[in-house]
Every structure is written in structure tokens, then in C-alpha cells.
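Encoded as C-alpha cells, the structure appears first; notes follow it.
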Amino acid sequence: MSLLAGAFLAGLAALAVPLWLHRMSQREPAERDVSSLMLMRETDEPIVTRRSLAHRVLLALRLAALAVVTLAFAEPVFETATRADPETRDRARLVVVDGSLSMRQDGAWQQAMRVVDDLVDASDDASVALAGERLTLVGDIRSAEPGFARFDFAGLPARLDGLIASLPERERHWEVHLVSDFQASAVPARFNALVEGTKWPYVLHRVGVQADNWTITSAAVHGGQLEAVIAGHGGSKEIDLELRLDDKEIGRTTVAAVAGTPAVARFDLRDGVLPERGTALLEVGLAAGDGFPVDDVFRLVQPARDATTVAVLPGGSGEGDATALQFLLAALKANGVAEPVRADAAGDWPGSVDAAIVVDPGEISTPLRRRLERHLDEGGGTLVIVGPRVQRMGSLPLDGDTLTGSIVGGVRSVVALDTEHPLAQSFHSAMPAVEVERSLSLPTRPGETILALVPRSGGHRSEVDAPFVVEKRVGKGRLLVLLTALDREWSSLVLRPAFVGFVGSAVDYLAQNLPLAATAGQALSIPASSAQIFDAGGQRVLALSNTSTRPVVRIPRPGFYTVRAPGREASMAVNIDPRESDLRSVPAELLERWQAATATAGREAMRDPGGSRSERAIDPMAAERPMYPLAPWLLVLAAVLLLTESLAANVGRLEWSVRGLVNWRTGATA
């Protein structure tokens with residue numbers, strides 16, 4: 001029971017008035033001494049016990065009547081229904097089923113289907129959505145199956161709001177049921193990221209069990225050897241691995257996999273193992289397999305050689321310039337890029353360049369400037385890395401935009417604003433490790449900032465205070481600007497593995513190289529004006545009608561694919577996200593805390609008939625517990641008490657009247 005107008009209970013203070021009057025009526029009369037009592041006739045002292053008892057009964061009835069009337073004005077209500085009562089529930093039910101790769105483990109999907117059937121059968125208004133790389137409504141969940149993509153719980157409230165907004169019943173109150181194995185790797189480290197923006201109560205249903213699993217997280221060719229990294233989630237064991245080339249076994253080895261510690265397996269690729277011409281399609285897999293075989297193979301495309309031509313323009317010959325150039329050349333070599341061409345300040349330029357990198361330029365000679373501008377006008381790509389010289393000049397070369405100074409006063413982190421850009425995709429997992437102390441600020445237009453800076457303590461895109469990597473269009477070409485120097489005093493970028501990935505992705509993007517690798521379910525940006533993707537069976541994945549200046553596609557399944565663009569063709573290996581191979585689940589305590597937090601933390605944005613927006617707090621149980629007002633019954637009780645009080649008072653008077661009448665008649669007769 002609860003009160004809708006509890007302030008009226010202050011009226012109970014009025015009960016003090018009858019109590020005070022009652023106490024005043026009970027005062028004994030004052031006694032007075034007289035000179036002589038001999039002339040006064042002795043009489044019996046009246047007995048007042050019965051009258052005193054009657055007064056107390058009347059007082060109790062009056063106090064009870066006043067208290068009941070006061071309570072009636074406080075409007076008490078009685079809630080009778082509970083959450084489990086489907087007949088009195090007013091919420092529409094949204095059932096979200098985890099459709100990520102981890103749900104393919106034995107028994108998890110079957111358990112999920114039983115839970116969904118029970119939830120749908122117990123509700124008259126239920127919608128079912130499959131969760132993978134996106135939330136998708138499904139009419140018959142039995143016809144669906146888990147995909148190969150990753151499902152991340154970070155940002156789930158916003159995605160649920162978008163899904164509910166597309167439903168015809170979007171104005172209803174909702175209850176969200178999450179059916180998942182709740183992988184620990186899918187839950188963000190910050191608990192607030194689970195509940196921020198939540199508008200509806202959640203009910204969590206865990207399915208599946210934790211299981212030991214081993215997988216190959218990455219593989220690369222270095223110096224005549226293929227190195228594969230194996231991750232173990234569970235116990236330790238000896239694992240046999242095999243290497244296959246074009247579906248033929250060419251190597252086998254054994255490695256000791258220790259839980260929590262990556263192990264490296266090496267295969268010898270010398271003595272003409274790989275073809276001298278053409279592209280090699282390599283597969284590294286667990287020879288014996290395990291209980292979760294879907295992640296036992298890692299695919300790799302190894303081109304015969306990198307034909308990308310890169311021109312590097314160093315800014316100067318000082319010690320800092322030499323160090324910056326050394327970092328850059330090492331990153332290019334790690335990405336398999338052929339020896340870059342040095343373009344000096346005198347204006348020498350190679351005949352054909354796919355991508356150009358300009359490191360902290362000062363005054364560029366007129367011939368070299370014109371050649372760079374022509375390279376951009378013809379559709380080429382250029383990366384400009386700023387530094388002290390650019391800061392002193394106060395403007396950006398080739399573009400002429402004025403710099404607004406440097407960012408100082410605290411370490412900053414990097415976040416992605418354009419998450420579908422190739423640079424953001426390659427930089428995503430390594431961004432948290434990069435710390436930026438100095439960077440230049442550049443005015444940008446909407447859509448130009450790819451990576452941005454946020455305070456180290458924040459780390460959210462809502463707190464962006466400066467750009468970090470900017471893309472500008474110059475003629476038909478692409479101009480990328482990195483707004484920090486290749487200097488350890490400016491940032492830790494050159495000391496992190498992220499720098500190697502950044503340089504490789506930037507060169508591929510500027511040279512419009514077709515991608516060689518992708519992750520199933522993640523957005524893949526293809527740096528070509530038009531492209532088509534075909535799977536191993538020749539089925540088209542990305543049609544020409546879906547392409548644009550920078551086509552983006554999500555490839556649903558792992559395997560080898562062929563990417564075709566005008567005049568070019570390349571093979572591409574698609575692998576699963578290795579985080580899906582970790583089948584460990586979050587503790588039950590976290591799920592209980594998550595579910596409890598959504599019961600009271602949500603706010604629902606409502607729109608009134610006039611169209612203005614307002615917000616009101618949602619009681620997650622209000623729509624499920626019908627409230628019955630008790631005020632009418634209390635008023636009836638007050639009326640009964642007042643009637644009883646009136647009768648009780650009149651009964652005393654009637655008794656004295658009858659006694660007086662009898663005494664009068666007796667005296668008259670006598």
C-alpha cells in the first residue's frame with residue numbers, strides 16, 4: 001500500500017484538539033471552607049464512574065473518525081498484482097536473443113529457444129529480436145540461427161531505443177528480456193556503460209555453460225616463417241596445429257597452450273613453399289579440434305609482393321627529423337611495403353606514386369608543391385604528419401588551413417568518430433593504449449574528423465575537445481592529416497603497436513588498395529569508387545548497386561572472398577572476432593546488479609499531445625501493479641464512526657431522561 005498525497009497526514013495534528021477539550025472537562029471543582037456545616041443537610045456524593053467511561057468511549061470514536069478522514073484525504077492505494085501476473089501486466093515484452101558466435105556452443109541455442117518459447121507464450125504482446133552486429137526483429141525465431149559476428153553489450157540501451165522506435169506499439173511501456181550466455185568479453189569494463197540511458201526494466205536469462213576453448217587469434221608471415229598466436233581459455237594442454245596452402249597440408253607442429261598466456265607456433269615457409277607468383281591462401285588450424293570447432297581455423301592471404309609505391313618527403317635533416325623518419329620507415333617495413341622513394345626538397349619525384357607521406361614539412365619548393373598538388377588532383381592520396389615546423393608556420397601545407405595552436409595541459413586519449421573508416425577500424429583495439437600530450441588544433445568541417453582526442457579521465461565521444469586525424473578532399477584526391485608529431489614527447493603513438501597498423505591502413509587507404517583481411521560481421525570499408533565481393537562459391541556479397549565513393553559492407557561468414565574493382569582484383573581472408581572464442585561468463589553477482597539497476601534508473605521520454613517533450617521517471621512496476629484507491633472505503637468508515645458516536649452520546653442522555661421521568665412519577669404518586 002502507498003499514499004498518493006502523503007502530505008495530508010499532517011492533519012493528524014488536529015487530534016490534539018479533542019484531547020485537550022477532554023482534559024479540560026475532567027478538572028475537579030475547587031473546594032471551599034465555610035464557617036459552619038451544622039445547618040446543611042448531608043447528601044450522598046454522586047457516582048461519576050459510568051459517565052467518565054462513556055466520555056472516554058465517545059472520545060475514542062471522535063478521534064478515530066478524524067484520523068480516518070485525514071487518511072482518506074492522503075489517498076492511500078492498494079497494489080494487488082505482481083510482476084509475474086500476465087493478466088494485470090500492462091507492459092509490452094521485447095525478447096532480445098543473443099545471436100553471436102559464442103551461442104553456437106553445444107546446447108546454448110537450444111536452451112535459448114526454450115526460454116524464448118516460454119516468454120512468448122506467457123505474453124499477449126511480445127516481439128523477438130536477434131542480436132548480432134545489429135538488432136533485427138524476427139517473426140519466427142525458430143527459423144533463425146546464431147551468426148558468426150560479435151555481440152557487445154556496450155551501448156545496448158540506445159540500440160534498444162532505436163529498435164522500439166520502429167515498432168507500431170512504441171508508445172507502450174516495455175519490458176526487455178535478454179537471453180544470452182553473457183560472455184565476460186562482451187560486457188564493458190565500466191558498469192555505467194551497461195545502464196546509462198536505460199528506459200526500460202531488464203530481465204536477464206543466462207543460457208549455456210562455461211567451457212574450455214582454444215583458438216588462433218592471428219597469423220602473419222615474417223622472414224620466411226609463418227607465426228600463429230594461440231590463445232587458451234581454460235586449462236593447459238598440448239595442441240597440434242596444421243598449415244594448409246590452397247587446401248593442402250604443408251606443415252604441422254605442436255605447441256603448449258597455457259590458459260591466459262598466448263602461445264606462438266611457427267611454420268617454416270622457405271625452400272619454395274609459397275608460390276613465387278600470385279597470391280597464397282593459407283589456413284592455420286587445430287589438427288584435432290576441440291569442443292567449439294567453429295573458431296579452430298585462421299585464414300591468411302599472402303600476396304607475392306607489395307607493388308605499392310610510397311614517396312616519403314622528410315621535413316629536414318635534424319636529429320628529431322631522423323628519428324621520426326626512422327619510426328616511419330620501420331612501420332612501412334613491418335607492413336611489407338617496398339622500400340619507399342625519397343622525394344627531396346629540390347623537387348625530384350618518381351614517375352608513379354600510389355601514396356605520399358610528408359613528415360613535418362617546412363617551406364616546400366614550388367616544383368615539389370606543384371607535383372604534390374597534381375598528385376592530389378589526379379586522385380592520389382597524401383598523408384601529412386605535423387610537427388614543430390608546421391606549428392611555427394601556423395598553416396597546413398597543400399591545404400592552407402590555419403592552425404589554431406597546440407593542445408596542452410593533460411594527457412588525452414584517442415576515440416573514433418567515423419567508426420566505419422578504415423583507419424578507425426584498424427586503430428580501434430589499440431586506441432586505449434595511445435596517450436597524447438601535445439597535438440595541433442585544426443578547424444574542421446562536419447564529417448572530416450576520423451579520430452579525435454578526449455580527456456584521459458573521460459574517454460567518451462561526447463567529451464571530444466580536438467581532432468587527431470582529419471581527412472580533407474583536395475581535387476579528386478584524399479589528404480590525411482595526423483595532428484601530432486612522430487616524437488615521444490608529443491605522444492606515445494610511435495611506441496605502440498598501433499602506429500604500425502595506422503601506417504599500414506593509411507597507405508592502403510590512400511593507395512586505394514583492396515583489403516586482404518576482414519572480421520566477420522564488422523563493417524568493412526573498401527577504398528574504391530565501385531567494388532564487388534564474391535564468396536568461394538561465386539555468390540555476390542556486395543552488389544554494384546550498393547557501392548558508393550567508399551562502399552561499406554558486412555561479411556557475415558568467415559572464409560576466403562574475392563574483391564573486384566575496376567582494373568583490379570584481390571583475395572581477402574575473413575576471420576571471426578577472437579573475443580568470441582572466450583566462453584567464460586560474467587559472475588552471477590554482476591547480472592543481479594545489472595538487472596536491479598535497470599529497475600529504477602530509467603527515464604522515459606514522453607511526448608504530450610501538443611508536441612512538446614518532457615521526461616518523467618518511470619516506476620518499473622507501476623504498469624504491472626493495478627492500484628485500487630481506499631479513500632471511498634475510508635470515508636464510509638468515517639461516516640459509520642460518526643453515526644456510532646452520535647448514537648452513543650444520545651443513549652446516555654436517553655438513560656438519564658427515563659430515570660428522571662420514573663423518579664418524577666414515583667414522587668407524584670407518593
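Letters A, B, ... go to the chains of the C-alpha cells in the order shown; residues in each chain start at 1; ligands are counted from 1 in the same order.
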
Checklist entry - Within 8 Å of stretch 467-482 of chain A, counting only C-alpha atoms, which residues qualify if same-chain residues fewer than 6 places away don't, as a ChimeraX atom specification? => result /A:375-386,399,414,439,441-442,444,448-453,510

Would you mind exporting the chosen residues as a PDB file, in the first residue's frame, restricted to N, CA and C atoms?
```pdb
ATOM      1  N   HIS A 375      49.442  15.438 -57.861  1.00  0.00           N
ATOM      2  CA  HIS A 375      49.178  14.079 -57.373  1.00  0.00           C
ATOM      3  C   HIS A 375      47.791  13.991 -56.734  1.00  0.00           C
ATOM      4  N   LEU A 376      47.415  14.994 -55.948  1.00  0.00           N
ATOM      5  CA  LEU A 376      46.094  15.015 -55.329  1.00  0.00           C
ATOM      6  C   LEU A 376      44.997  15.259 -56.351  1.00  0.00           C
ATOM      7  N   ASP A 377      45.229  16.171 -57.279  1.00  0.00           N
ATOM      8  CA  ASP A 377      44.207  16.469 -58.290  1.00  0.00           C
ATOM      9  C   ASP A 377      43.893  15.254 -59.145  1.00  0.00           C
ATOM     10  N   GLU A 378      44.879  14.404 -59.342  1.00  0.00           N
ATOM     11  CA  GLU A 378      44.682  13.223 -60.190  1.00  0.00           C
ATOM     12  C   GLU A 378      44.065  12.053 -59.426  1.00  0.00           C
ATOM     13  N   GLY A 379      43.749  12.273 -58.155  1.00  0.00           N
ATOM     14  CA  GLY A 379      43.101  11.214 -57.380  1.00  0.00           C
ATOM     15  C   GLY A 379      44.017  10.464 -56.445  1.00  0.00           C
ATOM     16  N   GLY A 380      45.254  10.921 -56.283  1.00  0.00           N
ATOM     17  CA  GLY A 380      46.180  10.262 -55.377  1.00  0.00           C
ATOM     18  C   GLY A 380      45.901  10.607 -53.923  1.00  0.00           C
ATOM     19  N   GLY A 381      46.645   9.957 -53.028  1.00  0.00           N
ATOM     20  CA  GLY A 381      46.464  10.188 -51.602  1.00  0.00           C
ATOM     21  C   GLY A 381      47.752  10.633 -50.942  1.00  0.00           C
ATOM     22  N   THR A 382      47.629  11.534 -49.955  1.00  0.00           N
ATOM     23  CA  THR A 382      48.792  12.070 -49.256  1.00  0.00           C
ATOM     24  C   THR A 382      48.507  12.114 -47.761  1.00  0.00           C
ATOM     25  N   LEU A 383      49.506  11.698 -46.963  1.00  0.00           N
ATOM     26  CA  LEU A 383      49.440  11.781 -45.505  1.00  0.00           C
ATOM     27  C   LEU A 383      50.413  12.857 -45.049  1.00  0.00           C
ATOM     28  N   VAL A 384      49.913  13.862 -44.329  1.00  0.00           N
ATOM     29  CA  VAL A 384      50.741  14.920 -43.764  1.00  0.00           C
ATOM     30  C   VAL A 384      50.819  14.700 -42.256  1.00  0.00           C
ATOM     31  N   ILE A 385      52.037  14.584 -41.736  1.00  0.00           N
ATOM     32  CA  ILE A 385      52.265  14.428 -40.303  1.00  0.00           C
ATOM     33  C   ILE A 385      52.850  15.734 -39.793  1.00  0.00           C
ATOM     34  N   VAL A 386      52.176  16.393 -38.851  1.00  0.00           N
ATOM     35  CA  VAL A 386      52.598  17.712 -38.389  1.00  0.00           C
ATOM     36  C   VAL A 386      53.758  17.572 -37.403  1.00  0.00           C
ATOM     37  N   ASP A 399      46.935  22.543 -48.191  1.00  0.00           N
ATOM     38  CA  ASP A 399      45.541  22.914 -47.999  1.00  0.00           C
ATOM     39  C   ASP A 399      45.403  24.378 -47.605  1.00  0.00           C
ATOM     40  N   VAL A 414      42.517   8.669 -27.479  1.00  0.00           N
ATOM     41  CA  VAL A 414      42.014   8.725 -28.850  1.00  0.00           C
ATOM     42  C   VAL A 414      40.720   7.934 -28.944  1.00  0.00           C
ATOM     43  N   SER A 439      49.267  18.119 -29.361  1.00  0.00           N
ATOM     44  CA  SER A 439      48.773  17.995 -30.731  1.00  0.00           C
ATOM     45  C   SER A 439      48.366  19.375 -31.203  1.00  0.00           C
ATOM     46  N   SER A 441      45.775  21.943 -33.215  1.00  0.00           N
ATOM     47  CA  SER A 441      44.332  22.057 -33.410  1.00  0.00           C
ATOM     48  C   SER A 441      44.056  22.641 -34.778  1.00  0.00           C
ATOM     49  N   LEU A 442      43.148  22.018 -35.487  1.00  0.00           N
ATOM     50  CA  LEU A 442      42.839  22.421 -36.857  1.00  0.00           C
ATOM     51  C   LEU A 442      41.336  22.565 -37.011  1.00  0.00           C
ATOM     52  N   THR A 444      37.863  22.142 -38.547  1.00  0.00           N
ATOM     53  CA  THR A 444      37.351  21.118 -39.460  1.00  0.00           C
ATOM     54  C   THR A 444      35.874  21.336 -39.723  1.00  0.00           C
ATOM     55  N   GLU A 448      34.796  15.518 -41.379  1.00  0.00           N
ATOM     56  CA  GLU A 448      36.212  15.449 -41.727  1.00  0.00           C
ATOM     57  C   GLU A 448      37.049  14.763 -40.644  1.00  0.00           C
ATOM     58  N   THR A 449      36.606  14.776 -39.387  1.00  0.00           N
ATOM     59  CA  THR A 449      37.384  14.197 -38.294  1.00  0.00           C
ATOM     60  C   THR A 449      37.134  12.694 -38.215  1.00  0.00           C
ATOM     61  N   ILE A 450      38.209  11.927 -38.328  1.00  0.00           N
ATOM     62  CA  ILE A 450      38.120  10.468 -38.242  1.00  0.00           C
ATOM     63  C   ILE A 450      38.385  10.003 -36.818  1.00  0.00           C
ATOM     64  N   LEU A 451      39.528  10.450 -36.266  1.00  0.00           N
ATOM     65  CA  LEU A 451      39.890  10.158 -34.884  1.00  0.00           C
ATOM     66  C   LEU A 451      39.983  11.471 -34.129  1.00  0.00           C
ATOM     67  N   ALA A 452      39.587  11.459 -32.854  1.00  0.00           N
ATOM     68  CA  ALA A 452      39.570  12.684 -32.057  1.00  0.00           C
ATOM     69  C   ALA A 452      40.186  12.411 -30.690  1.00  0.00           C
ATOM     70  N   LEU A 453      40.413  13.499 -29.933  1.00  0.00           N
ATOM     71  CA  LEU A 453      41.008  13.423 -28.607  1.00  0.00           C
ATOM     72  C   LEU A 453      39.976  13.737 -27.544  1.00  0.00           C
ATOM     73  N   LEU A 510      45.090   5.374 -48.838  1.00  0.00           N
ATOM     74  CA  LEU A 510      45.490   6.417 -49.791  1.00  0.00           C
ATOM     75  C   LEU A 510      45.790   5.833 -51.162  1.00  0.00           C
TER      76      LEU A 510
END
```

Checklist entry - What residues in stretch 103-188 of chain A get the DSSP label alpha helix (DSSP H)? Please answer as an NGL selection string. => result :A and (108-121 or 156-165)

Restricted to N, CA, C and O atoms, what would the selected residues look like written as an mmCIF file, in the first residue's frame?
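Dumped to part35.cif:
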```cif
data_model
loop_
_atom_site.group_PDB
_atom_site.id
_atom_site.type_symbol
_atom_site.label_atom_id
_atom_site.label_comp_id
_atom_site.auth_asym_id
_atom_site.auth_seq_id
_atom_site.Cartn_x
_atom_site.Cartn_y
_atom_site.Cartn_z
ATOM 1 N N ALA A 108 23.622 -24.188 -26.069
ATOM 2 C CA ALA A 108 23.265 -22.812 -25.728
ATOM 3 C C ALA A 108 22.056 -22.339 -26.534
ATOM 4 O O ALA A 108 21.118 -21.754 -25.982
ATOM 5 N N TRP A 109 22.068 -22.559 -27.831
ATOM 6 C CA TRP A 109 20.964 -22.073 -28.674
ATOM 7 C C TRP A 109 19.670 -22.829 -28.360
ATOM 8 O O TRP A 109 18.591 -22.234 -28.339
ATOM 9 N N GLN A 110 19.756 -24.122 -28.102
ATOM 10 C CA GLN A 110 18.557 -24.890 -27.766
ATOM 11 C C GLN A 110 17.945 -24.395 -26.443
ATOM 12 O O GLN A 110 16.719 -24.272 -26.315
ATOM 13 N N GLN A 111 18.786 -24.105 -25.458
ATOM 14 C CA GLN A 111 18.267 -23.543 -24.213
ATOM 15 C C GLN A 111 17.613 -22.193 -24.453
ATOM 16 O O GLN A 111 16.558 -21.885 -23.888
ATOM 17 N N ALA A 112 18.241 -21.381 -25.297
ATOM 18 C CA ALA A 112 17.678 -20.059 -25.591
ATOM 19 C C ALA A 112 16.309 -20.187 -26.234
ATOM 20 O O ALA A 112 15.386 -19.411 -25.926
ATOM 21 N N MET A 113 16.126 -21.153 -27.128
ATOM 22 C CA MET A 113 14.834 -21.317 -27.790
ATOM 23 C C MET A 113 13.743 -21.711 -26.793
ATOM 24 O O MET A 113 12.596 -21.260 -26.899
ATOM 25 N N ARG A 114 14.089 -22.527 -25.820
ATOM 26 C CA ARG A 114 13.092 -22.904 -24.810
ATOM 27 C C ARG A 114 12.704 -21.699 -23.956
ATOM 28 O O ARG A 114 11.526 -21.511 -23.622
ATOM 29 N N VAL A 115 13.688 -20.867 -23.616
ATOM 30 C CA VAL A 115 13.389 -19.667 -22.830
ATOM 31 C C VAL A 115 12.508 -18.715 -23.631
ATOM 32 O O VAL A 115 11.526 -18.154 -23.109
ATOM 33 N N VAL A 116 12.811 -18.534 -24.906
ATOM 34 C CA VAL A 116 12.015 -17.633 -25.745
ATOM 35 C C VAL A 116 10.590 -18.149 -25.877
ATOM 36 O O VAL A 116 9.628 -17.370 -25.804
ATOM 37 N N ASP A 117 10.413 -19.441 -26.070
ATOM 38 C CA ASP A 117 9.062 -20.009 -26.184
ATOM 39 C C ASP A 117 8.252 -19.731 -24.926
ATOM 40 O O ASP A 117 7.069 -19.350 -24.993
ATOM 41 N N ASP A 118 8.863 -19.909 -23.761
ATOM 42 C CA ASP A 118 8.149 -19.656 -22.508
ATOM 43 C C ASP A 118 7.778 -18.179 -22.375
ATOM 44 O O ASP A 118 6.671 -17.842 -21.935
ATOM 45 N N LEU A 119 8.691 -17.284 -22.748
ATOM 46 C CA LEU A 119 8.422 -15.851 -22.626
ATOM 47 C C LEU A 119 7.320 -15.402 -23.582
ATOM 48 O O LEU A 119 6.457 -14.597 -23.226
ATOM 49 N N VAL A 120 7.349 -15.915 -24.795
ATOM 50 C CA VAL A 120 6.336 -15.525 -25.786
ATOM 51 C C VAL A 120 4.978 -16.098 -25.407
ATOM 52 O O VAL A 120 3.947 -15.420 -25.525
ATOM 53 N N ASP A 121 4.944 -17.347 -24.932
ATOM 54 C CA ASP A 121 3.668 -17.964 -24.558
ATOM 55 C C ASP A 121 3.031 -17.264 -23.365
ATOM 56 O O ASP A 121 1.806 -17.247 -23.232
ATOM 57 N N LEU A 156 23.974 -0.777 -25.476
ATOM 58 C CA LEU A 156 22.736 -1.506 -25.757
ATOM 59 C C LEU A 156 21.484 -0.666 -25.533
ATOM 60 O O LEU A 156 20.546 -0.755 -26.330
ATOM 61 N N PRO A 157 21.380 0.166 -24.480
ATOM 62 C CA PRO A 157 20.145 0.952 -24.298
ATOM 63 C C PRO A 157 19.792 1.811 -25.506
ATOM 64 O O PRO A 157 18.621 1.888 -25.899
ATOM 65 N N ALA A 158 20.782 2.453 -26.128
ATOM 66 C CA ALA A 158 20.500 3.294 -27.294
ATOM 67 C C ALA A 158 20.016 2.452 -28.468
ATOM 68 O O ALA A 158 19.100 2.848 -29.204
ATOM 69 N N ARG A 159 20.605 1.271 -28.656
ATOM 70 C CA ARG A 159 20.168 0.408 -29.761
ATOM 71 C C ARG A 159 18.758 -0.123 -29.528
ATOM 72 O O ARG A 159 17.967 -0.254 -30.467
ATOM 73 N N LEU A 160 18.431 -0.407 -28.263
ATOM 74 C CA LEU A 160 17.073 -0.860 -27.960
ATOM 75 C C LEU A 160 16.060 0.252 -28.216
ATOM 76 O O LEU A 160 14.960 -0.005 -28.730
ATOM 77 N N ASP A 161 16.417 1.491 -27.867
ATOM 78 C CA ASP A 161 15.508 2.610 -28.121
ATOM 79 C C ASP A 161 15.238 2.753 -29.611
ATOM 80 O O ASP A 161 14.108 3.011 -30.034
ATOM 81 N N GLY A 162 16.289 2.617 -30.429
ATOM 82 C CA GLY A 162 16.098 2.705 -31.873
ATOM 83 C C GLY A 162 15.215 1.610 -32.418
ATOM 84 O O GLY A 162 14.397 1.840 -33.315
ATOM 85 N N LEU A 163 15.366 0.397 -31.870
ATOM 86 C CA LEU A 163 14.526 -0.716 -32.324
ATOM 87 C C LEU A 163 13.079 -0.511 -31.910
ATOM 88 O O LEU A 163 12.153 -0.705 -32.709
ATOM 89 N N ILE A 164 12.846 -0.102 -30.656
ATOM 90 C CA ILE A 164 11.481 0.104 -30.172
ATOM 91 C C ILE A 164 10.805 1.240 -30.928
ATOM 92 O O ILE A 164 9.597 1.202 -31.195
ATOM 93 N N ALA A 165 11.587 2.273 -31.296
ATOM 94 C CA ALA A 165 11.004 3.399 -32.039
ATOM 95 C C ALA A 165 10.472 2.979 -33.401
ATOM 96 O O ALA A 165 9.605 3.657 -33.963
#
```

Item to check | Neighbour list for A:Ala231 as JSON, numbers by chain, cut-off 10 Å, only C-alpha atoms, skip fewer than 2 positions in-chain | outcome: {"A": [213, 214, 215, 216, 217, 218, 228, 229, 233, 234, 257, 258, 259, 260, 261, 262, 263, 264, 578, 581, 582]}

Determine, for each residue of stretch 368-470 of chain A having at least one atom at most 8 Å from an atom of stretch 493-508 of chain A, the closest pair of atoms and their separation in Å to one decimal, counting only C-alpha atoms; order by chain and ascending number, as CSV.
```
residue,atom,partner,partner_atom,distance
A:Leu383,CA,A:Ala506,CA,7.6
A:Pro422,CA,A:Ser505,CA,6.7
A:Leu423,CA,A:Ser505,CA,5.8
A:Ser426,CA,A:Gly501,CA,6.3
A:Phe427,CA,A:Ala498,CA,6.3
A:Ala430,CA,A:Ala498,CA,5.3
A:Met431,CA,A:Ala498,CA,7.2
A:Ala433,CA,A:Arg496,CA,7.4
A:Val434,CA,A:Leu493,CA,5.5
A:Glu435,CA,A:Leu493,CA,7.1
A:Val436,CA,A:Leu493,CA,7.7
```

Next on the checklist: Taking only C-alpha atoms into account, name the residue in A:Ala211, A:Ala466, A:Val552, A:Val310 that is nearest to A:Arg584.
Outcome noted: A:Ala211

Item to check | d(atom CA of A:Arg270, atom CA of A:Gly224) in Å | outcome: 5.4 Å

Item to check | A:Gly410 environment, 8 Å, only C-alpha atoms, sequence neighbours closer than 3 positions dropped, as a ChimeraX atom specification | outcome: /A:437,455-456

Checklist entry - Skipping near chain neighbours, those fewer than 4 positions away, what residues fall within 7 Å of stretch 564-576 of chain A using only C-alpha atoms, listed as a list in words? => result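 My reading of the contact set: Phe148, Ala149, Phe298, Arg299, Leu300, Val301, Leu514, Pro515, Leu516, Ala517, Ala518, Thr519, Ala520, Ala528, Ser530, Ala531, Gln532, Ile533, Pro558, Gly559 and Phe560 of chain A.
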
Checklist outcome for this item: A:Pro293 proximity check over A:Asp401, A:Ser102, A:Ser317, A:Trp490, using only C-alpha atoms: winner is A:Ser102

Next on the checklist: As an exercise, work out the distance from atom CA of A:Leu440 to atom CA of A:Leu483 in Å and give it to one decimal place.
Outcome noted: 5.3 Å

Checklist outcome for this item: Between A:Lys199, A:Arg277, A:Arg266, A:Lys333, smallest distance to A:Glu227 by only C-alpha atoms belongs to A:Arg266
